[in-house]
Amino acid sequence: MKALRIKLGGEDRVVFRCPACESCHNIVPGRWRWNGDVDSPTFSPSVRVTWGNTKSASCCHFFVTNGRVKFCADSTHALAGQEVDLPDLTSDEVAFWSEGRLRPHGGGA
């Protein structure tokens with residue numbers, strides 16, 4: 001399973017593991033379109049996650065189509081400009097997110 005639908009703070013979310021950040025990001029269906037497929041998800045439009053301060057902010061910007069992640073050139077990690085498979089969530093991640101907790105880094109999109 002590459003994506004997991006959860007309820008967080010009363011709001012539906014779809015959680016997935018980012019192979020570049022090595023952490024999970026999430027989207028809110030309704031703000032993003034999602035094809036409903038947990039094994040081969042497609043989200044649109046693109047997802048852009050930022051963290052850090054304004055002088056040295058980090059960015060992960062990408063498209064997910066049919067279970068593949070295409071990272072945009074403005075991403076500040078080693079996979080910028082590349083396309084890779086979206087990895088499966090680990091059993092620990094599924095258990096963690098199923099409890100409705102939010103990680104401090106990469107938790108919101």
# chains A, B, ... in the order shown; residues from 1 in each chain; ligands from 1
>>> residues_around(residues="Thr65 (chain A)", least_positions_apart="5", cutoff="8 Å", atoms="only C-alpha atoms", output="list of chain:residue names")
A:Ser40, A:Pro41, A:Thr42, A:Phe43
>>> closest_residue(among="A:Pro29, A:Trp51, A:Gly36, A:Met1", to="Phe16 (chain A)", atoms="only C-alpha atoms")
A:Met1
>>> atom_distance(atom1="CA of Leu4 (chain A)", atom2="CA of Asp88 (chain A)")
10.0 Å
>>> closest_residue(among="A:Arg48, A:Arg68, A:His77, A:Lys7", to="His25 (chain A)", atoms="only C-alpha atoms")
A:Arg48
>>> residues_around(residues="Leu79 (chain A)", least_positions_apart="5", cutoff="10 Å", atoms="only C-alpha atoms", output="NGL selection string")
:A and (19-21 or 60 or 69-73 or 84)
>>> decode(residues="region 12-72 of chain A", atoms="C-alpha atoms", output="tab-separated table (two decimals), in the first residue's frame")
chain	number	residue	atom	x	y	z
A	12	ASP	CA	-9.72	13.41	5.80
A	13	ARG	CA	-6.09	13.05	4.74
A	14	VAL	CA	-4.15	10.78	2.42
A	15	VAL	CA	-0.67	9.90	3.73
A	16	PHE	CA	2.22	8.61	1.62
A	17	ARG	CA	5.99	8.13	2.03
A	18	CYS	CA	8.30	10.51	0.19
A	19	PRO	CA	11.41	8.73	-1.11
A	20	ALA	CA	13.37	12.00	-1.21
A	21	CYS	CA	12.58	13.27	2.28
A	22	GLU	CA	12.45	9.76	3.79
A	23	SER	CA	9.36	10.80	5.73
A	24	CYS	CA	5.65	10.98	5.10
A	25	HIS	CA	3.70	13.82	3.48
A	26	ASN	CA	-0.06	14.10	3.26
A	27	ILE	CA	-2.75	15.77	1.20
A	28	VAL	CA	-6.34	16.74	1.94
A	29	PRO	CA	-8.77	15.23	-0.59
A	30	GLY	CA	-10.97	18.04	-1.84
A	31	ARG	CA	-8.03	20.43	-1.93
A	32	TRP	CA	-6.22	17.96	-4.18
A	33	ARG	CA	-7.78	15.49	-6.56
A	34	TRP	CA	-7.01	11.88	-5.69
A	35	ASN	CA	-7.93	8.85	-7.79
A	36	GLY	CA	-8.79	6.82	-4.66
A	37	ASP	CA	-6.21	4.12	-5.44
A	38	VAL	CA	-3.99	3.26	-2.45
A	39	ASP	CA	-1.65	1.08	-4.54
A	40	SER	CA	-1.20	3.38	-7.56
A	41	PRO	CA	-2.23	6.86	-6.40
A	42	THR	CA	-2.52	9.98	-8.53
A	43	PHE	CA	-2.75	13.41	-6.90
A	44	SER	CA	-3.27	16.71	-8.68
A	45	PRO	CA	-2.29	19.43	-8.84
A	46	SER	CA	1.33	19.15	-7.70
A	47	VAL	CA	2.20	18.91	-4.01
A	48	ARG	CA	4.71	21.38	-2.52
A	49	VAL	CA	5.95	20.92	1.05
A	50	THR	CA	8.26	23.48	2.65
A	51	TRP	CA	9.93	23.65	6.05
A	52	GLY	CA	12.59	25.69	7.78
A	53	ASN	CA	12.99	29.45	7.98
A	54	THR	CA	12.59	31.84	5.06
A	55	LYS	CA	16.35	32.29	4.57
A	56	SER	CA	17.12	28.60	4.30
A	57	ALA	CA	13.76	26.95	3.62
A	58	SER	CA	13.74	23.45	2.20
A	59	CYS	CA	11.26	22.40	-0.44
A	60	CYS	CA	9.87	19.13	-1.78
A	61	HIS	CA	7.74	19.79	-4.87
A	62	PHE	CA	6.36	16.92	-6.93
A	63	PHE	CA	3.61	15.31	-8.99
A	64	VAL	CA	2.28	11.82	-8.21
A	65	THR	CA	0.83	9.93	-11.18
A	66	ASN	CA	-0.07	6.24	-11.16
A	67	GLY	CA	2.19	5.53	-8.17
A	68	ARG	CA	5.22	7.38	-9.60
A	69	VAL	CA	6.69	10.58	-8.18
A	70	LYS	CA	8.12	13.22	-10.51
A	71	PHE	CA	10.11	15.74	-8.47
A	72	CYS	CA	10.19	19.32	-9.75
